[in-house]
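Here is the structure we will look at, set down as structure tokens.
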Amino acid sequence: MLIRIVKMHFNAAFVSEFSTIFKSVQPKIESFDGCSSVQLLQDQNDPEIFFTISHWNDEQHLNAYRQSDLFKTTWAVVKPNFKVKAEAWSLLDT
């Protein structure tokens with residue numbers, strides 16, 4: 001299993017919109033082939049910082065999602081609103 005963690009730091013004005021966007025795409029991501037779950041966490045000290053944690057069967061399934069229209073259209077809206085460049089880690093569940 002592959003666990004993907006993405007840290008995103010948004011402009012303050014986008015925080016509420018991002019939460020709404022995530023709620024609408026979360027079930028679509030979770031229904032993507034090879035994804036067993038995805039969750040959104042918000043930093044307790046800085047409400048502009050979010051983390052997504054998703055679980056994938058393997059890197060091939062994650063990459064297929066990252067090449068999908070769902071990812072591309074969502075990322076096109078989200079990316080311009082970063083205060084700091086997003087960071088991502090792919091970790092193996094041992």
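The way I read the labels, and the way they are meant: chains A, B, ... in the order of the structure tokens, residue 1 as the first residue of every chain, and ligand 1 as the first ligand shown, with later ones counted on from there.
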Could you produce a table of the residues of segment 20-69 of chain A lying within 10 Å of segment 79-94 of chain A, with the nearest pair of atoms per residue and their separation in Å rounded to one decimal, using only C-alpha atoms, ordered by chain and increasing residue number, as a tab-separated table?
residue	atom	partner	partner_atom	distance
A:Glu48	CA	A:Lys83	CA	8.7
A:Ile49	CA	A:Lys83	CA	9.5
A:Phe50	CA	A:Ala86	CA	9.9
A:Phe51	CA	A:Ala88	CA	9.3
A:Thr52	CA	A:Ala88	CA	9.3
A:Ile53	CA	A:Trp89	CA	9.7
A:Ser54	CA	A:Ser90	CA	9.6
A:His55	CA	A:Asp93	CA	9.4
A:Trp56	CA	A:Leu92	CA	9.8
A:Asp58	CA	A:Leu92	CA	8.8
A:Glu59	CA	A:Ser90	CA	8.4
A:Leu62	CA	A:Ser90	CA	9.5
Residues as selected, all heavy atoms, written as a JSON list (two decimals), in the first residue's frame, can you do that?
[["chain", "number", "residue", "atom", "x", "y", "z"],
["A", 48, "GLU", "N", -4.53, 28.05, 7.57],
["A", 48, "GLU", "CA", -4.24, 28.13, 6.13],
["A", 48, "GLU", "C", -3.49, 26.89, 5.63],
["A", 48, "GLU", "O", -3.29, 26.73, 4.43],
["A", 48, "GLU", "CB", -3.41, 29.38, 5.82],
["A", 48, "GLU", "CG", -4.14, 30.68, 6.12],
["A", 48, "GLU", "CD", -3.28, 31.90, 5.96],
["A", 48, "GLU", "OE1", -2.08, 31.78, 5.61],
["A", 48, "GLU", "OE2", -3.80, 33.01, 6.17],
["A", 49, "ILE", "N", -3.08, 26.00, 6.55],
["A", 49, "ILE", "CA", -2.32, 24.81, 6.19],
["A", 49, "ILE", "C", -3.20, 23.58, 6.29],
["A", 49, "ILE", "O", -3.84, 23.33, 7.31],
["A", 49, "ILE", "CB", -1.07, 24.65, 7.08],
["A", 49, "ILE", "CG1", -0.12, 25.83, 6.88],
["A", 49, "ILE", "CG2", -0.36, 23.33, 6.79],
["A", 49, "ILE", "CD1", 1.09, 25.83, 7.79],
["A", 50, "PHE", "N", -3.22, 22.82, 5.20],
["A", 50, "PHE", "CA", -3.98, 21.58, 5.11],
["A", 50, "PHE", "C", -3.07, 20.44, 4.69],
["A", 50, "PHE", "O", -2.06, 20.65, 4.02],
["A", 50, "PHE", "CB", -5.09, 21.70, 4.06],
["A", 50, "PHE", "CG", -6.21, 22.61, 4.45],
["A", 50, "PHE", "CD1", -6.12, 23.97, 4.23],
["A", 50, "PHE", "CD2", -7.36, 22.10, 5.03],
["A", 50, "PHE", "CE1", -7.16, 24.82, 4.58],
["A", 50, "PHE", "CE2", -8.41, 22.94, 5.38],
["A", 50, "PHE", "CZ", -8.31, 24.30, 5.15],
["A", 51, "PHE", "N", -3.47, 19.24, 5.05],
["A", 51, "PHE", "CA", -2.81, 18.03, 4.60],
["A", 51, "PHE", "C", -3.88, 17.10, 4.04],
["A", 51, "PHE", "O", -4.97, 17.00, 4.62],
["A", 51, "PHE", "CB", -2.12, 17.30, 5.75],
["A", 51, "PHE", "CG", -0.94, 18.01, 6.33],
["A", 51, "PHE", "CD1", -1.11, 19.00, 7.28],
["A", 51, "PHE", "CD2", 0.35, 17.70, 5.91],
["A", 51, "PHE", "CE1", -0.02, 19.67, 7.82],
["A", 51, "PHE", "CE2", 1.44, 18.36, 6.44],
["A", 51, "PHE", "CZ", 1.25, 19.34, 7.40],
["A", 52, "THR", "N", -3.58, 16.45, 2.93],
["A", 52, "THR", "CA", -4.42, 15.34, 2.49],
["A", 52, "THR", "C", -3.60, 14.07, 2.70],
["A", 52, "THR", "O", -2.39, 14.06, 2.48],
["A", 52, "THR", "CB", -4.86, 15.45, 1.02],
["A", 52, "THR", "OG1", -3.71, 15.53, 0.18],
["A", 52, "THR", "CG2", -5.77, 16.65, 0.80],
["A", 53, "ILE", "N", -4.29, 13.05, 3.13],
["A", 53, "ILE", "CA", -3.68, 11.74, 3.29],
["A", 53, "ILE", "C", -4.54, 10.76, 2.51],
["A", 53, "ILE", "O", -5.73, 10.62, 2.78],
["A", 53, "ILE", "CB", -3.59, 11.32, 4.77],
["A", 53, "ILE", "CG1", -2.77, 12.34, 5.55],
["A", 53, "ILE", "CG2", -2.99, 9.92, 4.89],
["A", 53, "ILE", "CD1", -2.75, 12.11, 7.05],
["A", 54, "SER", "N", -3.94, 10.14, 1.51],
["A", 54, "SER", "CA", -4.69, 9.18, 0.69],
["A", 54, "SER", "C", -3.96, 7.85, 0.66],
["A", 54, "SER", "O", -2.74, 7.80, 0.77],
["A", 54, "SER", "CB", -4.91, 9.72, -0.73],
["A", 54, "SER", "OG", -3.69, 10.08, -1.34],
["A", 55, "HIS", "N", -4.74, 6.80, 0.54],
["A", 55, "HIS", "CA", -4.22, 5.44, 0.52],
["A", 55, "HIS", "C", -4.50, 4.82, -0.85],
["A", 55, "HIS", "O", -5.65, 4.80, -1.29],
["A", 55, "HIS", "CB", -4.87, 4.60, 1.62],
["A", 55, "HIS", "CG", -4.49, 5.05, 2.99],
["A", 55, "HIS", "ND1", -5.14, 6.08, 3.64],
["A", 55, "HIS", "CD2", -3.53, 4.63, 3.83],
["A", 55, "HIS", "CE1", -4.58, 6.27, 4.83],
["A", 55, "HIS", "NE2", -3.60, 5.40, 4.96],
["A", 56, "TRP", "N", -3.43, 4.32, -1.47],
["A", 56, "TRP", "CA", -3.50, 3.77, -2.83],
["A", 56, "TRP", "C", -2.95, 2.35, -2.84],
["A", 56, "TRP", "O", -2.05, 2.04, -2.07],
["A", 56, "TRP", "CB", -2.69, 4.65, -3.79],
["A", 56, "TRP", "CG", -3.25, 6.03, -3.86],
["A", 56, "TRP", "CD1", -2.94, 7.09, -3.06],
["A", 56, "TRP", "CD2", -4.26, 6.49, -4.75],
["A", 56, "TRP", "NE1", -3.69, 8.18, -3.41],
["A", 56, "TRP", "CE2", -4.51, 7.84, -4.45],
["A", 56, "TRP", "CE3", -4.98, 5.89, -5.79],
["A", 56, "TRP", "CZ2", -5.45, 8.60, -5.14],
["A", 56, "TRP", "CZ3", -5.91, 6.65, -6.47],
["A", 56, "TRP", "CH2", -6.14, 7.99, -6.14],
["A", 58, "ASP", "N", -1.05, 1.14, -5.11],
["A", 58, "ASP", "CA", 0.35, 1.23, -5.52],
["A", 58, "ASP", "C", 0.56, 2.54, -6.27],
["A", 58, "ASP", "O", -0.39, 3.31, -6.49],
["A", 58, "ASP", "CB", 0.75, 0.03, -6.39],
["A", 58, "ASP", "CG", -0.21, -0.21, -7.54],
["A", 58, "ASP", "OD1", -0.66, 0.77, -8.17],
["A", 58, "ASP", "OD2", -0.51, -1.38, -7.82],
["A", 59, "GLU", "N", 1.79, 2.79, -6.68],
["A", 59, "GLU", "CA", 2.14, 4.03, -7.36],
["A", 59, "GLU", "C", 1.44, 4.16, -8.72],
["A", 59, "GLU", "O", 1.10, 5.26, -9.14],
["A", 59, "GLU", "CB", 3.66, 4.11, -7.54],
["A", 59, "GLU", "CG", 4.12, 5.45, -8.10],
["A", 59, "GLU", "CD", 5.63, 5.56, -8.18],
["A", 59, "GLU", "OE1", 6.33, 4.53, -8.22],
["A", 59, "GLU", "OE2", 6.11, 6.71, -8.20],
["A", 62, "LEU", "N", -1.95, 5.66, -8.13],
["A", 62, "LEU", "CA", -1.80, 7.08, -7.81],
["A", 62, "LEU", "C", -1.50, 7.87, -9.07],
["A", 62, "LEU", "O", -2.11, 8.92, -9.31],
["A", 62, "LEU", "CB", -0.69, 7.28, -6.77],
["A", 62, "LEU", "CG", -0.28, 8.73, -6.51],
["A", 62, "LEU", "CD1", -1.43, 9.57, -5.96],
["A", 62, "LEU", "CD2", 0.91, 8.77, -5.57]]
**Study point:** Residues within 9 Å of Val78 of chain A, only C-alpha atoms, excluding chain neighbours under 3 positions, as a ChimeraX atom specification
**Key:** /A:10,14,18,21,73-75,81-82
Selection to disk with C-alpha atoms, as a CSV table (one decimal), in the first residue's frame:
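The resulting file, again33.csv, is shown below:
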chain,number,residue,atom,x,y,z
A,10,PHE,CA,-3.2,28.5,1.0
A,14,PHE,CA,-9.2,30.6,-0.4
A,18,PHE,CA,-10.9,24.9,-0.7
A,21,ILE,CA,-14.0,22.0,-3.2
A,73,THR,CA,-9.3,20.3,-13.3
A,74,THR,CA,-9.3,20.4,-9.5
A,75,TRP,CA,-5.5,21.2,-9.4
A,81,ASN,CA,-4.2,29.8,-4.5
A,82,PHE,CA,-1.1,28.4,-2.8
Check your understanding: Smallest atom-to-atom distance to Ser36 of chain A: which of A:Val77, A:Val6, A:Asn57, A:Asn11, using only C-alpha atoms?
Key -> A:Asn57
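Atom to atom, atom CA of Asn63 of chain A and atom CA of Lys28 of chain A stand 15.7 Å apart.
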Exercise for review: List every residue of chain A that DSSP, applied to the backbone, labels as helix (DSSP H, G or I), and write the result as a count of residues only.
Suggested key: 40
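As for atom CA of Lys72 of chain A and atom CA of Asp43 of chain A, they are spaced 25.1 Å apart.
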Practice item. Could you please determine the separation between atom CA of Asp46 of chain A and atom CA of Arg4 of chain A in Å, to one decimal place? Key: 21.4 Å
Exercise for review: Kindly indicate which residue among A:Leu41, A:Ala64, A:Leu70, A:Ala76 lies nearest to Ser19 of chain A, using only C-alpha atoms for the distances.
Suggested key: A:Leu41
Exercise for review: Write out as a ChimeraX atom specification all residues of chain A that DSSP puts in strand (DSSP E) for this structure's backbone.
Suggested key: /A:2-10,35-42,49-56,82-92
